[in-house]
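Raw contents of upload_0.txt, compact mmCIF, C-alpha atoms and all ligand atoms:
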```txt
# COMPACT_ATOMS: atom_id res chain seq x y z
CA MET A 293 -13.46 -5.64 -37.19
CA SER A 294 -12.30 -2.16 -36.24
CA LYS A 295 -9.58 -1.96 -33.63
CA LEU A 296 -10.79 -1.67 -30.07
CA ILE A 297 -8.96 1.07 -28.23
CA SER A 298 -10.30 1.05 -24.70
CA LEU A 299 -11.60 -1.38 -22.10
CA ASP A 300 -15.04 0.18 -22.53
CA GLU A 301 -14.96 -0.70 -26.22
CA TYR A 302 -14.01 -4.28 -25.36
CA GLU A 303 -16.95 -4.43 -22.99
CA LYS A 304 -19.37 -3.10 -25.58
CA ARG A 305 -18.19 -5.55 -28.24
CA ALA A 306 -18.20 -8.51 -25.83
CA LEU A 307 -21.73 -7.79 -24.71
CA GLU A 308 -22.82 -7.90 -28.35
CA ILE A 309 -21.10 -11.25 -28.93
CA LEU A 310 -21.87 -13.23 -25.78
CA PRO A 311 -25.03 -15.33 -25.52
CA GLU A 312 -27.55 -13.86 -23.06
CA ASN A 313 -26.96 -16.46 -20.35
CA ALA A 314 -23.20 -15.87 -20.19
CA ARG A 315 -23.48 -12.13 -20.79
CA ASP A 316 -25.81 -11.64 -17.86
CA TYR A 317 -23.70 -13.89 -15.63
CA TYR A 318 -20.53 -11.91 -16.35
CA GLN A 319 -22.01 -8.44 -16.39
CA SER A 320 -24.44 -8.50 -13.51
CA GLY A 321 -24.14 -7.34 -9.95
CA ALA A 322 -26.24 -8.10 -6.91
CA GLY A 323 -29.69 -6.77 -6.09
CA ASN A 324 -30.64 -3.62 -7.95
CA GLU A 325 -27.00 -3.19 -8.99
CA LYS A 326 -26.53 0.10 -7.15
CA SER A 327 -23.05 -0.81 -5.92
CA LEU A 328 -22.22 -2.04 -9.41
CA ALA A 329 -22.87 1.44 -10.80
CA TRP A 330 -21.02 3.06 -7.89
CA ASN A 331 -17.96 0.88 -8.49
CA ARG A 332 -17.47 2.79 -11.73
CA ALA A 333 -19.01 6.14 -10.90
CA ASP A 334 -17.16 6.73 -7.64
CA PHE A 335 -13.82 7.10 -9.34
CA SER A 336 -15.27 10.41 -10.53
CA ASN A 337 -15.44 11.58 -6.92
CA PHE A 338 -11.67 11.80 -6.88
CA ARG A 339 -9.63 14.35 -8.78
CA ILE A 340 -6.02 13.93 -9.74
CA ARG A 341 -3.60 16.73 -8.83
CA PRO A 342 -0.93 16.63 -11.53
CA LYS A 343 2.56 17.90 -10.72
CA VAL A 344 4.57 19.63 -13.43
CA LEU A 345 8.24 20.16 -14.33
CA ARG A 346 9.34 16.89 -12.76
CA ASP A 347 11.51 15.41 -15.57
CA VAL A 348 9.35 12.45 -16.44
CA SER A 349 11.48 11.36 -19.38
CA LYS A 350 12.26 8.01 -17.73
CA ARG A 351 9.37 6.24 -16.11
CA ASP A 352 9.33 3.04 -14.09
CA THR A 353 5.93 1.35 -13.69
CA SER A 354 7.23 -1.57 -11.62
CA VAL A 355 6.21 -2.54 -8.10
CA ASN A 356 7.65 -4.96 -5.61
CA ILE A 357 5.20 -7.65 -4.47
CA PHE A 358 6.31 -10.28 -1.96
CA ASN A 359 9.95 -9.63 -2.87
CA THR A 360 9.38 -10.00 -6.58
CA LYS A 361 9.62 -7.17 -9.06
CA ILE A 362 6.40 -6.90 -11.07
CA GLU A 363 6.60 -4.63 -14.07
CA PHE A 364 3.18 -3.14 -13.83
CA PRO A 365 0.75 -2.58 -10.92
CA ILE A 366 -2.19 -4.34 -12.53
CA GLY A 367 -3.13 -7.99 -12.34
CA ILE A 368 -5.99 -10.30 -13.20
CA SER A 369 -8.71 -11.00 -10.64
CA PRO A 370 -10.26 -14.45 -10.43
CA THR A 371 -13.39 -14.89 -12.48
CA ALA A 372 -15.17 -18.22 -12.58
CA MET A 373 -16.01 -20.31 -15.62
CA GLN A 374 -13.99 -18.52 -18.29
CA LYS A 375 -14.72 -21.15 -20.95
CA MET A 376 -18.18 -19.65 -21.25
CA ALA A 377 -16.47 -16.58 -22.71
CA HIS A 378 -14.09 -18.43 -25.04
CA THR A 379 -13.32 -22.10 -25.71
CA ASP A 380 -9.73 -21.62 -24.48
CA GLY A 381 -10.96 -20.09 -21.20
CA GLU A 382 -8.46 -19.93 -18.34
CA THR A 383 -5.68 -21.38 -20.52
CA ALA A 384 -5.82 -18.31 -22.75
CA THR A 385 -5.86 -16.01 -19.73
CA ALA A 386 -2.84 -17.77 -18.23
CA LYS A 387 -0.85 -17.52 -21.45
CA ALA A 388 -1.79 -13.86 -21.92
CA ALA A 389 -0.76 -13.03 -18.35
CA ALA A 390 2.54 -14.84 -18.90
CA ASN A 391 3.25 -12.96 -22.13
CA GLU A 392 2.38 -9.64 -20.55
CA ASN A 393 4.22 -10.39 -17.28
CA VAL A 394 1.29 -9.73 -14.99
CA ILE A 395 0.05 -11.65 -11.97
CA ALA A 396 -3.08 -13.69 -12.62
CA ILE A 397 -5.41 -15.18 -10.01
CA PHE A 398 -7.45 -18.26 -10.95
CA SER A 399 -10.74 -19.26 -9.41
CA THR A 400 -11.53 -22.43 -7.50
CA ILE A 401 -14.58 -22.75 -9.74
CA ALA A 402 -12.70 -22.51 -13.01
CA THR A 403 -13.47 -24.50 -16.13
CA THR A 404 -9.77 -25.45 -16.43
CA SER A 405 -7.99 -27.40 -13.70
CA ILE A 406 -5.17 -26.06 -11.55
CA GLU A 407 -2.76 -28.45 -13.27
CA ASP A 408 -3.83 -27.53 -16.81
CA ILE A 409 -3.51 -23.81 -16.04
CA ALA A 410 -0.02 -24.39 -14.66
CA ALA A 411 0.95 -26.43 -17.72
CA ALA A 412 -0.26 -23.65 -20.04
CA ALA A 413 1.90 -21.01 -18.34
CA PRO A 414 4.51 -22.73 -16.19
CA ASN A 415 6.75 -19.70 -15.65
CA SER A 416 4.32 -16.91 -14.89
CA ILE A 417 3.19 -15.74 -11.46
CA LYS A 418 -0.11 -17.41 -10.68
CA TRP A 419 -2.11 -17.09 -7.48
CA PHE A 420 -4.90 -19.47 -6.53
CA GLN A 421 -8.25 -18.14 -5.34
CA LEU A 422 -9.69 -20.40 -2.68
CA TYR A 423 -13.19 -20.93 -1.35
CA ILE A 424 -13.46 -22.92 1.87
CA TYR A 425 -15.68 -25.96 1.39
CA ARG A 426 -17.64 -27.73 4.11
CA ASP A 427 -15.44 -30.67 3.24
CA ARG A 428 -12.11 -29.53 4.70
CA LYS A 429 -10.21 -32.46 3.19
CA LEU A 430 -11.32 -31.32 -0.23
CA THR A 431 -10.29 -27.75 0.61
CA GLU A 432 -6.91 -28.90 1.83
CA ASN A 433 -6.46 -30.96 -1.30
CA LEU A 434 -7.07 -27.87 -3.48
CA VAL A 435 -4.35 -26.03 -1.57
CA ARG A 436 -1.90 -28.91 -1.94
CA ARG A 437 -2.59 -29.08 -5.66
CA ALA A 438 -2.02 -25.32 -6.05
CA GLU A 439 1.24 -25.60 -4.11
CA ALA A 440 2.40 -28.54 -6.22
CA ALA A 441 1.50 -26.74 -9.44
CA GLY A 442 3.67 -23.77 -8.51
CA PHE A 443 1.04 -21.20 -7.57
CA LYS A 444 2.72 -18.48 -5.51
CA ALA A 445 -0.04 -17.28 -3.17
CA LEU A 446 -3.52 -18.14 -1.94
CA VAL A 447 -6.26 -15.58 -2.29
CA LEU A 448 -8.92 -16.59 0.21
CA THR A 449 -12.26 -15.10 -0.73
CA VAL A 450 -13.95 -14.12 2.51
CA ASP A 451 -17.06 -12.35 1.27
CA ALA A 452 -19.00 -15.31 -0.09
CA PRO A 453 -20.58 -17.62 2.49
CA LEU A 454 -23.31 -17.71 -0.15
CA PHE A 455 -23.49 -16.03 -3.53
CA GLY A 456 -25.32 -12.72 -3.78
CA LEU A 457 -28.80 -12.12 -5.10
CA ARG A 458 -28.17 -12.05 -8.83
CA ARG A 459 -31.57 -11.48 -10.29
CA ARG A 460 -30.53 -11.75 -13.90
CA ASP A 461 -29.22 -15.26 -13.27
CA LEU A 462 -32.45 -16.18 -11.52
CA LYS A 463 -34.47 -14.89 -14.44
CA ASN A 464 -32.33 -16.78 -16.98
CA LYS A 465 -32.25 -19.92 -14.80
CA PHE A 466 -28.51 -19.58 -15.25
CA SER A 467 -26.61 -22.79 -15.75
CA MET A 468 -23.30 -23.67 -17.32
CA PRO A 469 -23.47 -25.15 -20.82
CA PRO A 470 -23.54 -28.96 -20.46
CA HIS A 471 -20.19 -29.52 -22.20
CA LEU A 472 -18.37 -27.52 -19.49
CA LYS A 473 -17.51 -28.58 -15.98
CA LEU A 474 -15.91 -27.21 -12.85
CA ALA A 475 -12.57 -28.69 -13.73
CA ASN A 476 -11.04 -28.79 -10.26
CA PHE A 477 -13.62 -31.35 -9.19
CA GLN A 478 -14.76 -34.61 -10.61
CA ASP A 479 -18.07 -34.62 -12.37
CA VAL A 480 -19.40 -31.24 -11.31
CA VAL A 481 -21.61 -30.20 -14.16
CA LEU A 482 -23.85 -27.24 -13.38
CA SER A 483 -26.67 -27.99 -15.71
CA MET A 484 -29.42 -28.13 -13.16
CA ASP A 485 -32.39 -25.94 -13.75
CA GLY A 486 -32.82 -23.01 -11.40
CA SER A 487 -29.67 -21.04 -10.66
CA GLY A 488 -27.26 -24.02 -10.74
CA ILE A 489 -24.21 -22.23 -9.41
CA ASN A 490 -26.10 -20.78 -6.45
CA GLU A 491 -27.40 -24.20 -5.43
CA TYR A 492 -23.89 -25.62 -5.76
CA VAL A 493 -22.45 -22.87 -3.57
CA ALA A 494 -25.18 -23.26 -0.95
CA ARG A 495 -24.50 -26.99 -0.72
CA GLN A 496 -20.70 -26.89 -0.82
CA PHE A 497 -19.36 -23.63 0.62
CA ASP A 498 -19.07 -23.38 4.37
CA GLN A 499 -21.22 -20.59 5.75
CA SER A 500 -19.71 -21.10 9.20
CA ILE A 501 -16.23 -19.94 8.20
CA SER A 502 -14.65 -17.50 10.63
CA TRP A 503 -11.29 -15.98 11.51
CA ASP A 504 -10.37 -19.35 13.04
CA ASP A 505 -10.49 -20.88 9.58
CA VAL A 506 -7.99 -18.32 8.34
CA LYS A 507 -5.72 -19.49 11.18
CA TRP A 508 -6.38 -23.09 10.14
CA LEU A 509 -5.29 -22.26 6.61
CA MET A 510 -2.21 -20.35 7.77
CA ASN A 511 -1.19 -23.38 9.82
CA PHE A 512 -1.03 -25.84 7.02
CA THR A 513 0.38 -23.86 4.13
CA ASN A 514 3.49 -21.76 3.73
CA LEU A 515 2.07 -19.84 0.81
CA PRO A 516 1.32 -16.17 1.45
CA ILE A 517 -2.40 -15.71 2.21
CA ILE A 518 -4.33 -12.71 0.93
CA LEU A 519 -7.86 -12.11 2.19
CA LYS A 520 -10.07 -10.98 -0.68
CA GLY A 521 -13.21 -9.03 0.15
CA ILE A 522 -12.15 -6.79 3.04
CA MET A 523 -14.28 -3.64 3.06
CA THR A 524 -13.95 -2.19 6.57
CA LYS A 525 -11.22 -0.93 8.85
CA GLU A 526 -12.35 -3.34 11.57
CA ASP A 527 -11.80 -6.38 9.39
CA ALA A 528 -8.56 -4.94 8.06
CA ARG A 529 -7.31 -4.64 11.64
CA LEU A 530 -8.24 -8.26 12.40
CA ALA A 531 -6.43 -9.37 9.26
CA CYS A 532 -3.27 -7.49 10.28
CA LYS A 533 -3.47 -8.91 13.79
CA LEU A 534 -3.72 -12.42 12.46
CA GLY A 535 -0.64 -11.89 10.33
CA VAL A 536 -1.94 -12.59 6.84
CA SER A 537 0.36 -11.52 4.01
CA GLY A 538 -2.07 -9.11 2.37
CA ILE A 539 -5.67 -8.08 1.88
CA MET A 540 -7.68 -7.20 -1.15
CA VAL A 541 -10.21 -4.42 -0.85
CA SER A 542 -13.00 -5.67 -3.07
CA ASN A 543 -16.78 -5.88 -3.08
CA HIS A 544 -16.53 -8.86 -5.43
CA GLY A 545 -17.40 -6.79 -8.46
CA ALA A 546 -20.58 -5.71 -6.58
CA ARG A 547 -21.93 -9.26 -6.87
CA GLN A 548 -22.43 -10.04 -3.19
CA ILE A 549 -24.44 -7.51 -1.17
CA ASP A 550 -25.91 -4.50 -2.92
CA ASN A 551 -25.71 -1.05 -1.35
CA THR A 552 -22.20 -1.69 -0.06
CA ALA A 553 -19.74 1.09 -0.59
CA SER A 554 -17.99 0.94 -3.91
CA SER A 555 -14.56 -0.65 -3.66
CA ILE A 556 -12.84 2.70 -4.23
CA GLU A 557 -14.83 4.34 -1.41
CA ALA A 558 -13.89 1.55 0.98
CA LEU A 559 -10.21 1.71 0.04
CA ALA A 560 -9.52 5.02 1.79
CA GLU A 561 -10.97 3.76 5.09
CA VAL A 562 -9.01 0.52 4.97
CA ALA A 563 -5.77 2.17 3.89
CA ALA A 564 -5.94 4.70 6.74
CA GLU A 565 -6.10 1.77 9.17
CA VAL A 566 -3.49 -0.52 7.59
CA LYS A 567 -0.96 2.05 6.42
CA ASP A 568 2.12 0.05 5.39
CA GLU A 569 1.65 -2.94 7.69
CA ILE A 570 0.67 -5.31 4.89
CA PRO A 571 0.09 -4.75 1.18
CA ILE A 572 -3.40 -3.75 0.12
CA PHE A 573 -4.57 -5.02 -3.22
CA PHE A 574 -7.62 -3.57 -4.91
CA ASP A 575 -10.29 -4.46 -7.42
CA GLY A 576 -13.67 -3.20 -8.56
CA GLY A 577 -14.45 -0.94 -11.48
CA ILE A 578 -10.95 -0.38 -12.87
CA ARG A 579 -11.47 0.41 -16.55
CA GLU A 580 -8.80 2.98 -17.39
CA ALA A 581 -5.41 4.01 -16.14
CA THR A 582 -6.53 7.05 -14.22
CA ASP A 583 -8.56 4.61 -12.07
CA ILE A 584 -5.32 2.78 -11.25
CA LEU A 585 -3.60 6.05 -10.41
CA ILE A 586 -6.43 6.99 -8.04
CA ALA A 587 -6.46 3.59 -6.32
CA LEU A 588 -2.69 3.64 -5.84
CA ALA A 589 -2.87 7.18 -4.48
CA LEU A 590 -5.54 6.09 -2.01
CA GLY A 591 -3.29 3.33 -0.68
CA ALA A 592 -3.44 0.28 -2.95
CA LYS A 593 -0.18 -1.45 -3.77
CA MET A 594 -1.59 -2.95 -6.91
CA CYS A 595 -4.92 -3.15 -8.79
CA PHE A 596 -6.69 -6.07 -10.43
CA ILE A 597 -9.32 -6.34 -13.17
CA GLY A 598 -12.11 -8.91 -13.41
CA ARG A 599 -14.71 -8.37 -16.13
CA PRO A 600 -12.40 -6.63 -18.64
CA VAL A 601 -10.41 -9.87 -18.93
CA VAL A 602 -13.54 -11.89 -19.56
CA TYR A 603 -14.55 -9.37 -22.21
CA GLY A 604 -11.11 -9.55 -23.81
CA LEU A 605 -11.49 -13.33 -23.91
CA ALA A 606 -14.94 -13.11 -25.45
CA CYS A 607 -13.73 -10.76 -28.20
CA ALA A 608 -10.46 -12.46 -29.17
CA GLY A 609 -9.32 -15.17 -26.73
CA GLN A 610 -5.71 -14.92 -25.57
CA GLU A 611 -5.00 -12.02 -27.92
CA GLY A 612 -7.96 -10.11 -26.56
CA VAL A 613 -6.71 -10.48 -22.98
CA GLU A 614 -3.21 -9.42 -24.03
CA ASP A 615 -4.62 -6.40 -25.79
CA VAL A 616 -6.71 -5.39 -22.77
CA ILE A 617 -3.59 -5.50 -20.60
CA ARG A 618 -1.49 -3.66 -23.17
CA ILE A 619 -4.10 -0.90 -23.43
CA LEU A 620 -3.95 -0.41 -19.67
CA LYS A 621 -0.16 -0.46 -19.67
CA ARG A 622 0.07 2.22 -22.35
CA GLU A 623 -2.56 4.34 -20.65
CA PHE A 624 -0.88 3.97 -17.27
CA ASP A 625 2.53 4.98 -18.54
CA LEU A 626 0.97 8.07 -20.11
CA ALA A 627 -1.02 8.87 -16.96
CA MET A 628 2.16 8.68 -14.86
CA CYS A 629 3.93 10.97 -17.29
CA LEU A 630 1.16 13.57 -17.29
CA ALA A 631 0.64 13.41 -13.53
CA GLY A 632 4.34 14.14 -13.05
CA VAL A 633 5.52 10.89 -11.48
CA LYS A 634 8.56 8.88 -12.50
CA ASN A 635 7.89 5.79 -10.47
CA VAL A 636 5.01 4.16 -8.69
CA SER A 637 6.29 4.96 -5.20
CA GLU A 638 5.79 8.68 -5.96
CA ILE A 639 2.05 8.08 -6.29
CA ASN A 640 0.94 9.07 -2.81
CA ARG A 641 -2.14 10.32 -0.99
CA ASP A 642 -1.44 13.93 -2.10
CA MET A 643 -2.03 13.00 -5.71
CA VAL A 644 -5.81 12.89 -5.36
CA VAL A 645 -8.45 14.84 -3.53
CA HIS A 646 -12.13 14.21 -3.06
CA LYS A 647 -14.01 16.47 -5.46
CA ASN A 648 -15.53 18.41 -2.52
CA TYR A 649 -12.07 19.87 -1.94
CA TYR A 650 -12.60 22.17 -4.92
CA ALA A 651 -15.94 23.42 -3.59
CA ARG A 652 -14.39 24.92 -0.47
C1 LIG B 701 -16.08 -12.76 -10.17
N1 LIG B 701 -15.39 -12.61 -8.98
C2 LIG B 701 -14.90 -13.72 -8.34
N2 LIG B 701 -14.20 -13.59 -7.18
C3 LIG B 701 -13.70 -14.68 -6.55
O1 LIG B 701 -13.07 -14.53 -5.52
N3 LIG B 701 -13.89 -15.92 -7.08
C4 LIG B 701 -14.57 -16.14 -8.22
O2 LIG B 701 -14.72 -17.27 -8.67
C5 LIG B 701 -15.13 -15.02 -8.87
N4 LIG B 701 -15.85 -15.14 -10.01
C6 LIG B 701 -16.32 -14.05 -10.68
C7 LIG B 701 -17.01 -14.21 -11.87
C8 LIG B 701 -17.43 -13.09 -12.58
C9 LIG B 701 -18.14 -13.27 -13.87
C10 LIG B 701 -17.17 -11.79 -12.09
C11 LIG B 701 -17.59 -10.57 -12.85
C12 LIG B 701 -16.51 -11.63 -10.91
C13 LIG B 701 -15.03 -11.26 -8.48
C14 LIG B 701 -13.74 -10.80 -9.13
O3 LIG B 701 -12.65 -11.51 -8.63
C15 LIG B 701 -13.46 -9.31 -8.88
O4 LIG B 701 -13.54 -9.05 -7.51
C16 LIG B 701 -14.37 -8.35 -9.65
O5 LIG B 701 -14.70 -8.86 -10.92
C17 LIG B 701 -13.68 -7.00 -9.78
O6 LIG B 701 -14.49 -6.06 -10.37
P1 LIG B 701 -14.43 -5.69 -11.93
O7 LIG B 701 -12.99 -5.53 -12.34
O8 LIG B 701 -15.12 -6.82 -12.66
O9 LIG B 701 -15.20 -4.41 -11.99
```
For the structure just supplied, provide its representation as structure tokens.
Amino acid sequence: MSKLISLDEYEKRALEILPENARDYYQSGAGNEKSLAWNRADFSNFRIRPKVLRDVSKRDTSVNIFNTKIEFPIGISPTAMQKMAHTDGETATAKAAANENVIAIFSTIATTSIEDIAAAAPNSIKWFQLYIYRDRKLTENLVRRAEAAGFKALVLTVDAPLFGLRRRDLKNKFSMPPHLKLANFQDVVLSMDGSGINEYVARQFDQSISWDDVKWLMNFTNLPIILKGIMTKEDARLACKLGVSGIMVSNHGARQIDNTASSIEALAEVAAEVKDEIPIFFDGGIREATDILIALALGAKMCFIGRPVVYGLACAGQEGVEDVIRILKREFDLAMCLAGVKNVSEINRDMVVHKNYYAR
């Protein structure tokens, strides 16, 4: 196997390896997948303005997140059911994140339990992604388990009262292979016909959740709460007012409602509203280091990747995930050097312009 040298190459290889059912589940977006294409393409609307003669011989890629120094401004977004990509699933991701010293977020609907993930990587920084279930006792129990297992923050996904219209899954009658289960729950095996996961979500997730439920969550846990899926300045303002610890600008990998702005388009609007009140995290379409540079310049504190981790897993398990992260680290260090910045705090709004700037 020839060495893979970019996240795009990992994607290409993974899509060749994965069975159709899993491949379509991981790759697809909602509707006609317009926002999915924009998530990637819209990075091209921004142009980097490199600064020269800045003595970039010593570079520091670290960022400070919730009073902890993190060596690199990229983390792992939650993606469900990672054992469909590789038998080691979330365990491999957790170990890779630990070895590479990056923050990893794990999904409520993982194929490895909260406790098993924690046991695989006891000393790394893990955040737990939460969905609010109709059964609030069950939801509360998930939070207590994450706290007990040493997870350091809760990432409440707020853009999924239902799952989006994923036509490829409908066509494939997507279901999880029968030997896998949603490991945080007893006996949840998604091997129904039809789109099993969608039926599960419709039955279990609470479509009535509102800002009051965020308050409810804030009242019973001391963990920092990050709202994942904020795409507008109005919602960003409400989040700040409520006092959450952070927000993540994300359109859920374009898997919820099609025709939304790409994540990178939405970031500028949200950042202009929030400024430095609370940290803004970002995901959606990050595939190379210049994407990270652009997102940081537009106001993100840190970026996360979803599909590239799944593709790393599919290609080579834990090693694949480590390699994906290492590729981004190397690329990011080089991008900082060539853009003329010594540390991440120098990456500011001046570093990028919308491409229309050059047409003036
Ligand atoms: C996701 N995403 C997601 N988000 C979440 O909050 N909980 C989840 O369980 C999942 N599961 C999931 C599965 C798969 C296969 C994908 C592709 C995505 C969304 C994810 O956290 C993230 O927002 C996007 O994946 C980011 O976009 P990129 O990096 O995949 O382009």
Q: Let me have all residues with an atom within 6 Å of ligand LIG 701 (chain B), counting only C-alpha atoms and all ligand atoms, laid out as a PyMOL selection string.
A: chain A and resi 317-318+369-372+399+401+449+542+544-545+575-578+597-599
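You will find CA of Leu515 (chain A) at 18.9 Å from CA of Met594 (chain A).
With all atoms listed in the file as the atoms that count, the residue of A:Ala396, A:Ala606, A:Ala452, A:Ile570 with the shortest distance to Ile501 (chain A) is A:Ala452.
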Q: Between CA of Leu457 (chain A) and CA of Asp550 (chain A), measure the distance and give it in Å to one decimal.
A: 8.4 Å
Q: To one decimal in Å, tell me the separation between CA of Asn476 (chain A) and CA of Ala438 (chain A).
A: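 That distance, rounded to one decimal, is 10.5 Å.
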